[in-house]
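Colleague: If you scroll down you'll find the structure; I have some questions about it.
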Protein chains: 2
Amino acid sequence: MPHAGQLGHVTPQRMAFPQPLRLRSGAELRDYEMVYETYGTLNAERNNAVLVCHALNASHHVAGTYAGQDKSEGWWDNLIGPGKPLDTDKFFVIGINNLGSCFGSTGPMHINPATGKVYGADFPVVTVQDWVDAQARVLDALGVQQLAAVLGGSLGGMQALDWSLRYPERMRHCIAIATAPALSAQNIAFNEVARRAIITDPDFHGGHFYEHGVVPKRGLRVARMIGHITYLSDDAMEQKFGRELRAAELGYSTQDIEFQIESYLRHQGDKFSDYFDANTYLLITRALDYFDPAREHGGNLSRAFASARCKYLLASFTTDWRFSPARSREIVKALLDNKRDVSYAEIDAPHGHDAFLLEDPRYHGVLRAYFQRIAGELQ
Amino acid sequence: MPHAGQLGHVTPQRMAFPQPLRLRSGAELRDYEMVYETYGTLNAERNNAVLVCHALNASHHVAGTYAGQDKSEGWWDNLIGPGKPLDTDKFFVIGINNLGSCFGSTGPMHINPATGKVYGADFPVVTVQDWVDAQARVLDALGVQQLAAVLGGSLGGMQALDWSLRYPERMRHCIAIATAPALSAQNIAFNEVARRAIITDPDFHGGHFYEHGVVPKRGLRVARMIGHITYLSDDAMEQKFGRELRAAELGYSTQDIEFQIESYLRHQGDKFSDYFDANTYLLITRALDYFDPAREHGGNLSRAFASARCKYLLASFTTDWRFSPARSREIVKALLDNKRDVSYAEIDAPHGHDAFLLEDPRYHGVLRAYFQRIAGELQ
């Protein structure tokens, strides 16, 4: 029996799509599969479904645990469960693994039906729009025509925004946290350095490393270290590590670890390179780069949001320098220009971009209240 | 004949030091050489010398040009010359290449007299203090007992600060620009990622790549790309590149260049990897990490500055997120706690950390006025 407030054991499910998916690039993805999880129960009116979109390093495993696996909590387990802010006693929550991921849905590690060989670098470039289209097909198959809400943070927030622009009739609320209407030059720059670290790793073999029996771990480590710096705030890093040394005295070495922050970053890089796929990393960072709903409207974000119909909750964190509050405010302004119903919370939290994944009472309070409002509309 | 305001052709000079230099690490450097340049004339009173300390990617070649070499202006040529803010008609300006550099003074590419082989990774770890001690010996040989000023930006500013704390009687003014009393955890983190990119490049060979006839260019490129992101402000990058595409349409590729910012970063990385030494990069970033005058005083910066005697000018730039104005203010506070004479200018410039190298009228105005004050004291 699960504890009160806990979902207990959950099980991923798999859905095959024989009909090809047309991608933004013009390519078609044939015979693909999508992996997903659901928590709670779809009500008789079929109007209590909430789709949770994931960011770079996450998956369909949003909440609950896997039987027999310690520490297998889903990545947003602090938010989702019975009695939690996104209450699975009231909502039917759906997590879907995005195409190109290395966590189950069809991706670079799978067989390309056209060649009979592993896709590798030949996996087509996917965009936020492609992900959303693929998610919509999963919802069709689940019999969910209209979502109570689409929820996401960071890159997940971009998916939630795209849902609201291209499937306006299929959702009533869009909840986009710690996100941006498009990457800045600096954001793209960090992605590009990470990609170059991976692509120039001799073990990358142009993205076909699987057949060489190697993994470009050096590049993945560097990519993850760069990522981690941008996820944490300067202050949070200072609080947590400062200039603390690993040993009592300086070792005077350029290669050994001197400072605790170095130890932390190396550990994060090592862990990541053990499980994350290099081609997936390239695809996901590119999807981030490309997201730019204003682009098709001459750079005018307000015009891009003219198709918006649902209600919105935007939230940002004061110390997030990856997607700063100013970026969320751009979205709020575009929505107000279109006279949309938008709530906005700027949360004073010290943890930088990572804050969207953490349990902060003010943050969770905002989400709890907003989901209670949505639940009230279900009556 | 040089143009008015231009130094014209300058010539680097070399000085050999047979007596060993004791380093902070406990190691000794034997039979080393220092390369330096001077501009202007040392006056009869020998009191008009200004030492300019260099940062990561610079050298003794601070101003002027080399005969027969186009575009060979020194790295601070916009500041230093006849009639310029640091006026070589009044001051005798000295630029010294730091130990461990790849631009002339003894470094990892030179022969280790103890083994007869190239130092490579065996070159001893050098600190800001070691550089300052080596500079002091050059000044001894030049017959300069007391400097009118020591000037430096960024890592050069750290050297100027260290001079003022450990050689208080040998200088009258310390001018430290866009610097910090010690790196933050985030600063160290960026250095560490750059170092890991270099060290894990298979062509690094543990730092002994010279004997393999290769250069760890992949690592150097990534290191330089990371550096460039931290030198520019978010806003400056946005102004200069934004989301501008290289081609008219998206190419849907993870490996090809899509955005102009990618093209810029790759170009900077390629250029750097053609001329900069990987071991030097490791040494210099480590010297940055280690600098921390408060450390020997229980973390108390005010106590560290108790030995200060000279007058100070500190300057910072509003958009510098590598060494933000707050870091300069920490130094100003420590000086005021010691009742030192300190001027501080916080300059509203858009260029981020790079601003200290650029010609900004307000910035150069501050330096011009300060050097005029010093020149007045020479009468």
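Simple scheme: letters A, B, ... for chains in structure tokens order, numbers from 1 for residues in each chain, numbers from 1 for ligands in the order shown.
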Could you make a table, as a tab-separated table, of the residues of range 137-230 of chain A that have an atom within 9 Å of an atom of range 194-204 of chain B, each with its nearest atom pair and distance in Å to one decimal, counting only C-alpha atoms, in chain and number order?

Modeller:
```
residue	atom	partner	partner_atom	distance
A:Ala197	CA	B:Ala197	CA	7.4
A:Asp201	CA	B:Asp201	CA	7.6
A:Pro202	CA	B:Pro202	CA	8.1
A:Arg218	CA	B:Thr200	CA	6.3
A:Gly219	CA	B:Ala197	CA	7.8
A:Arg221	CA	B:Arg196	CA	8.8
A:Val222	CA	B:Ala197	CA	6.3
```

Colleague: Can those selected residues be exported to a file as a PDB file, in the first residue's frame so that it contains C-alpha atoms?

Modeller:
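Output below, filename again_18.pdb:
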```pdb
ATOM      1  CA  ALA A 197      32.189  19.258 -26.792  1.00  0.00           C
ATOM      2  CA  ASP A 201      34.823  13.996 -28.938  1.00  0.00           C
ATOM      3  CA  PRO A 202      36.660  11.391 -31.073  1.00  0.00           C
ATOM      4  CA  ARG A 218      34.228  13.166 -22.440  1.00  0.00           C
ATOM      5  CA  GLY A 219      31.925  15.407 -24.425  1.00  0.00           C
ATOM      6  CA  ARG A 221      30.674  15.223 -19.165  1.00  0.00           C
ATOM      7  CA  VAL A 222      31.676  18.699 -20.321  1.00  0.00           C
TER       8      VAL A 222
END
```

Colleague: Using only C-alpha atoms, select each residue of chain A with any atom at most 6 Å away from an atom of chain B, and give the selection as a list in words.

Modeller: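 On the chain A side, the interface is Ser25, Val125, Ala185, Gln186, Asp234, Met237, Glu238, Gly242, Arg243, Tyr252, Thr254 and Leu282 of chain A.
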
Colleague: May I have the residues within 9 Å of range 3-14 of chain B as a list of chain:residue names, using only C-alpha atoms and disregarding those fewer than 2 positions away in the same chain?

Modeller: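 Surrounding residues, per the criterion: B:Met1, B:Ala16, B:Glu33, B:Met34, B:Val35, B:Tyr36, B:Glu37, B:Thr38, B:Tyr39, B:Gly40, B:His60, B:His61, B:Ala63, B:Gly64, B:Thr65, B:Tyr66, B:Ala67, B:Asp77, B:Ile80, B:Gly81, B:Pro82, B:Gly83, B:Lys84, B:Thr88, B:Gly104, B:Ser105.
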
Colleague: Restricting the output to C-alpha atoms, write the selected residues as a PDB file, in the first residue's frame.

Modeller:
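Ended up saving to result_31.pdb:
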```pdb
ATOM      1  CA  MET B   1      57.957  58.161 -37.911  1.00  0.00           C
ATOM      2  CA  ALA B  16      67.747  35.805 -17.880  1.00  0.00           C
ATOM      3  CA  GLU B  33      63.826  34.032 -18.622  1.00  0.00           C
ATOM      4  CA  MET B  34      61.404  36.938 -18.632  1.00  0.00           C
ATOM      5  CA  VAL B  35      60.272  38.835 -21.716  1.00  0.00           C
ATOM      6  CA  TYR B  36      59.169  42.435 -21.394  1.00  0.00           C
ATOM      7  CA  GLU B  37      58.641  45.695 -23.265  1.00  0.00           C
ATOM      8  CA  THR B  38      59.005  49.296 -22.162  1.00  0.00           C
ATOM      9  CA  TYR B  39      57.534  52.483 -23.622  1.00  0.00           C
ATOM     10  CA  GLY B  40      58.528  56.058 -22.810  1.00  0.00           C
ATOM     11  CA  HIS B  60      54.138  41.912 -22.367  1.00  0.00           C
ATOM     12  CA  HIS B  61      53.117  43.404 -25.725  1.00  0.00           C
ATOM     13  CA  ALA B  63      51.148  48.863 -26.757  1.00  0.00           C
ATOM     14  CA  GLY B  64      52.791  49.872 -30.030  1.00  0.00           C
ATOM     15  CA  THR B  65      53.326  47.671 -33.071  1.00  0.00           C
ATOM     16  CA  TYR B  66      56.028  45.345 -34.351  1.00  0.00           C
ATOM     17  CA  ALA B  67      57.978  46.394 -37.444  1.00  0.00           C
ATOM     18  CA  ASP B  77      47.232  50.192 -27.309  1.00  0.00           C
ATOM     19  CA  ILE B  80      48.809  53.707 -23.747  1.00  0.00           C
ATOM     20  CA  GLY B  81      50.901  56.007 -25.952  1.00  0.00           C
ATOM     21  CA  PRO B  82      51.892  59.627 -26.399  1.00  0.00           C
ATOM     22  CA  GLY B  83      48.973  61.792 -25.279  1.00  0.00           C
ATOM     23  CA  LYS B  84      46.804  58.768 -24.424  1.00  0.00           C
ATOM     24  CA  THR B  88      54.148  57.658 -22.521  1.00  0.00           C
ATOM     25  CA  GLY B 104      57.966  34.382 -24.425  1.00  0.00           C
ATOM     26  CA  SER B 105      58.767  34.133 -20.706  1.00  0.00           C
TER      27      SER B 105
END
```

Colleague: Name the residues of range 52-197 of chain B that fall into alpha helix (DSSP H) according to DSSP on the backbone, using the chain letters and numbers of this document, as a short mmCIF file (atom, residue, chain, number, x, y, z; two decimals) with N, CA, C and O atoms, in the first residue's frame.

Modeller:
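part_17.cif written:
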```
data_model
loop_
_atom_site.label_atom_id
_atom_site.label_comp_id
_atom_site.auth_asym_id
_atom_site.auth_seq_id
_atom_site.Cartn_x
_atom_site.Cartn_y
_atom_site.Cartn_z
N VAL B 128 49.48 34.07 -8.58
CA VAL B 128 49.58 35.52 -8.76
C VAL B 128 50.79 36.04 -7.98
O VAL B 128 51.56 36.88 -8.47
N GLN B 129 51.00 35.53 -6.79
CA GLN B 129 52.14 35.98 -5.99
C GLN B 129 53.48 35.66 -6.67
O GLN B 129 54.40 36.48 -6.65
N ASP B 130 53.56 34.48 -7.27
CA ASP B 130 54.80 34.12 -7.97
C ASP B 130 55.05 35.08 -9.13
O ASP B 130 56.18 35.49 -9.37
N TRP B 131 54.00 35.39 -9.86
CA TRP B 131 54.16 36.33 -10.98
C TRP B 131 54.67 37.68 -10.48
O TRP B 131 55.56 38.28 -11.08
N VAL B 132 54.07 38.13 -9.39
CA VAL B 132 54.45 39.44 -8.85
C VAL B 132 55.91 39.41 -8.38
O VAL B 132 56.68 40.33 -8.65
N ASP B 133 56.32 38.33 -7.72
CA ASP B 133 57.71 38.21 -7.29
C ASP B 133 58.66 38.25 -8.49
O ASP B 133 59.70 38.90 -8.44
N ALA B 134 58.28 37.55 -9.56
CA ALA B 134 59.12 37.53 -10.76
C ALA B 134 59.16 38.91 -11.41
O ALA B 134 60.21 39.34 -11.92
N GLN B 135 58.04 39.61 -11.40
CA GLN B 135 58.00 40.98 -11.95
C GLN B 135 58.92 41.90 -11.13
O GLN B 135 59.64 42.74 -11.69
N ALA B 136 58.90 41.72 -9.81
CA ALA B 136 59.71 42.58 -8.94
C ALA B 136 61.20 42.42 -9.27
O ALA B 136 61.96 43.39 -9.26
N ARG B 137 61.60 41.20 -9.60
CA ARG B 137 63.01 40.98 -9.97
C ARG B 137 63.36 41.69 -11.27
O ARG B 137 64.49 42.18 -11.43
N VAL B 138 62.41 41.70 -12.22
CA VAL B 138 62.67 42.42 -13.47
C VAL B 138 62.86 43.90 -13.17
O VAL B 138 63.78 44.55 -13.69
N LEU B 139 61.99 44.43 -12.30
CA LEU B 139 62.09 45.86 -11.96
C LEU B 139 63.41 46.16 -11.25
O LEU B 139 64.04 47.19 -11.50
N ASP B 140 63.85 45.26 -10.37
CA ASP B 140 65.16 45.43 -9.73
C ASP B 140 66.24 45.61 -10.80
O ASP B 140 67.04 46.54 -10.73
N ALA B 141 66.22 44.73 -11.78
CA ALA B 141 67.25 44.76 -12.83
C ALA B 141 67.14 46.02 -13.68
O ALA B 141 68.15 46.51 -14.21
N LEU B 142 65.90 46.54 -13.82
CA LEU B 142 65.70 47.77 -14.60
C LEU B 142 66.02 49.01 -13.77
O LEU B 142 65.96 50.13 -14.29
N LEU B 155 42.46 39.48 -14.27
CA LEU B 155 43.59 38.81 -13.61
C LEU B 155 44.76 39.78 -13.42
O LEU B 155 45.52 39.66 -12.45
N GLY B 156 44.90 40.74 -14.33
CA GLY B 156 45.93 41.77 -14.16
C GLY B 156 45.65 42.64 -12.94
O GLY B 156 46.57 43.08 -12.24
N GLY B 157 44.39 42.88 -12.67
CA GLY B 157 43.99 43.64 -11.49
C GLY B 157 44.35 42.91 -10.21
O GLY B 157 44.73 43.52 -9.20
N MET B 158 44.23 41.57 -10.25
CA MET B 158 44.62 40.78 -9.07
C MET B 158 46.11 40.94 -8.80
O MET B 158 46.54 41.02 -7.64
N GLN B 159 46.92 40.97 -9.86
CA GLN B 159 48.35 41.18 -9.67
C GLN B 159 48.61 42.56 -9.08
O GLN B 159 49.45 42.72 -8.19
N ALA B 160 47.90 43.57 -9.57
CA ALA B 160 48.07 44.93 -9.03
C ALA B 160 47.73 44.94 -7.54
O ALA B 160 48.44 45.55 -6.73
N LEU B 161 46.65 44.25 -7.16
CA LEU B 161 46.27 44.19 -5.74
C LEU B 161 47.35 43.47 -4.93
O LEU B 161 47.73 43.92 -3.84
N ASP B 162 47.82 42.35 -5.46
CA ASP B 162 48.84 41.60 -4.72
C ASP B 162 50.11 42.44 -4.55
O ASP B 162 50.71 42.44 -3.47
N TRP B 163 50.54 43.14 -5.60
CA TRP B 163 51.66 44.08 -5.48
C TRP B 163 51.46 45.01 -4.29
O TRP B 163 52.36 45.22 -3.47
N SER B 164 50.27 45.57 -4.19
CA SER B 164 50.02 46.60 -3.16
C SER B 164 50.04 46.00 -1.76
O SER B 164 50.31 46.70 -0.78
N LEU B 165 49.77 44.69 -1.64
CA LEU B 165 49.73 44.06 -0.32
C LEU B 165 51.09 43.53 0.10
O LEU B 165 51.44 43.53 1.28
N ARG B 166 51.88 43.08 -0.86
CA ARG B 166 53.15 42.44 -0.50
C ARG B 166 54.38 43.29 -0.80
O ARG B 166 55.47 43.00 -0.31
N ALA B 185 32.45 30.66 -6.58
CA ALA B 185 32.27 29.26 -6.96
C ALA B 185 31.92 29.16 -8.45
O ALA B 185 32.40 28.27 -9.15
N GLN B 186 31.08 30.07 -8.93
CA GLN B 186 30.70 30.02 -10.35
C GLN B 186 31.90 30.31 -11.25
O GLN B 186 32.09 29.65 -12.28
N ASN B 187 32.72 31.28 -10.87
CA ASN B 187 33.94 31.56 -11.64
C ASN B 187 34.83 30.32 -11.71
O ASN B 187 35.33 29.96 -12.78
N ILE B 188 35.04 29.68 -10.57
CA ILE B 188 35.88 28.48 -10.54
C ILE B 188 35.26 27.39 -11.40
O ILE B 188 35.94 26.67 -12.13
N ALA B 189 33.93 27.29 -11.33
CA ALA B 189 33.22 26.26 -12.09
C ALA B 189 33.49 26.42 -13.59
O ALA B 189 33.78 25.44 -14.28
N PHE B 190 33.38 27.62 -14.10
CA PHE B 190 33.66 27.83 -15.53
C PHE B 190 35.10 27.46 -15.86
O PHE B 190 35.37 26.82 -16.89
N ASN B 191 36.05 27.85 -15.00
CA ASN B 191 37.45 27.47 -15.24
C ASN B 191 37.61 25.95 -15.27
O ASN B 191 38.33 25.41 -16.10
N GLU B 192 36.93 25.30 -14.34
CA GLU B 192 37.09 23.85 -14.24
C GLU B 192 36.54 23.14 -15.48
O GLU B 192 37.14 22.18 -15.97
N VAL B 193 35.40 23.59 -16.00
CA VAL B 193 34.86 22.97 -17.21
C VAL B 193 35.86 23.14 -18.36
O VAL B 193 36.13 22.20 -19.12
N ALA B 194 36.41 24.35 -18.48
CA ALA B 194 37.38 24.59 -19.55
C ALA B 194 38.59 23.67 -19.39
O ALA B 194 39.07 23.08 -20.36
N ARG B 195 39.07 23.54 -18.15
CA ARG B 195 40.22 22.66 -17.93
C ARG B 195 39.89 21.21 -18.26
O ARG B 195 40.70 20.50 -18.86
N ARG B 196 38.70 20.76 -17.86
CA ARG B 196 38.33 19.37 -18.15
C ARG B 196 38.26 19.13 -19.65
O ARG B 196 38.62 18.06 -20.13
N ALA B 197 37.75 20.12 -20.38
CA ALA B 197 37.68 19.97 -21.84
C ALA B 197 39.08 19.76 -22.41
O ALA B 197 39.28 18.92 -23.30
#
```

Colleague: Excluding His205 in chain B and its own-chain neighbours fewer than 5 positions away, which residues fall within 10 Å of it when counting only C-alpha atoms? Please give them as a list in words.

Modeller: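 Everything that qualifies: Gly120, Ala121, Ile199, Thr200, Tyr210, Glu211, His212, Val214, Val215 and Pro216 of chain B.
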
Colleague: Just the number, please: distance in Å from CA of Tyr231 in chain A to CA of Ser316 in chain A, one decimal.

Modeller: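 Going from CA of Tyr231 in chain A over to CA of Ser316 in chain A covers 13.4 Å.
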
Colleague: Could you check the closest approach to Ala148 in chain B for each of B:Ala326, B:Val93, B:Ala248, B:Ile111 and tell me which residue wins, using only C-alpha atoms?

Modeller: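 Smallest separation from Ala148 in chain B among the options: B:Val93.
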
Colleague: Going by DSSP on the backbone, which residues of range 195-368 of chain A come out as strand (DSSP E or B)? List them as an MDAnalysis selection string.

Modeller: chainID A and resid 245 259 311:317 342:347

Colleague: Please report the interatomic distance between CA of Pro18 in chain A and CA of Leu151 in chain A in Å with one decimal.

Modeller: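 Interatomic distance here is 27.7 Å.
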
Colleague: Could you jot down the CA of Glu330 in chain B to CA of Pro181 in chain B separation for me, Å, one decimal place?

Modeller: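 So the answer is 7.3 Å.
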
Colleague: Have a look at B:Leu313, B:Leu378, B:Ala247, B:Cys102 and name the one nearest to Asn48 in chain B; count only C-alpha atoms.

Modeller: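 Among B:Leu313, B:Leu378, B:Ala247, B:Cys102, it is B:Leu378 that comes nearest to Asn48 in chain B.
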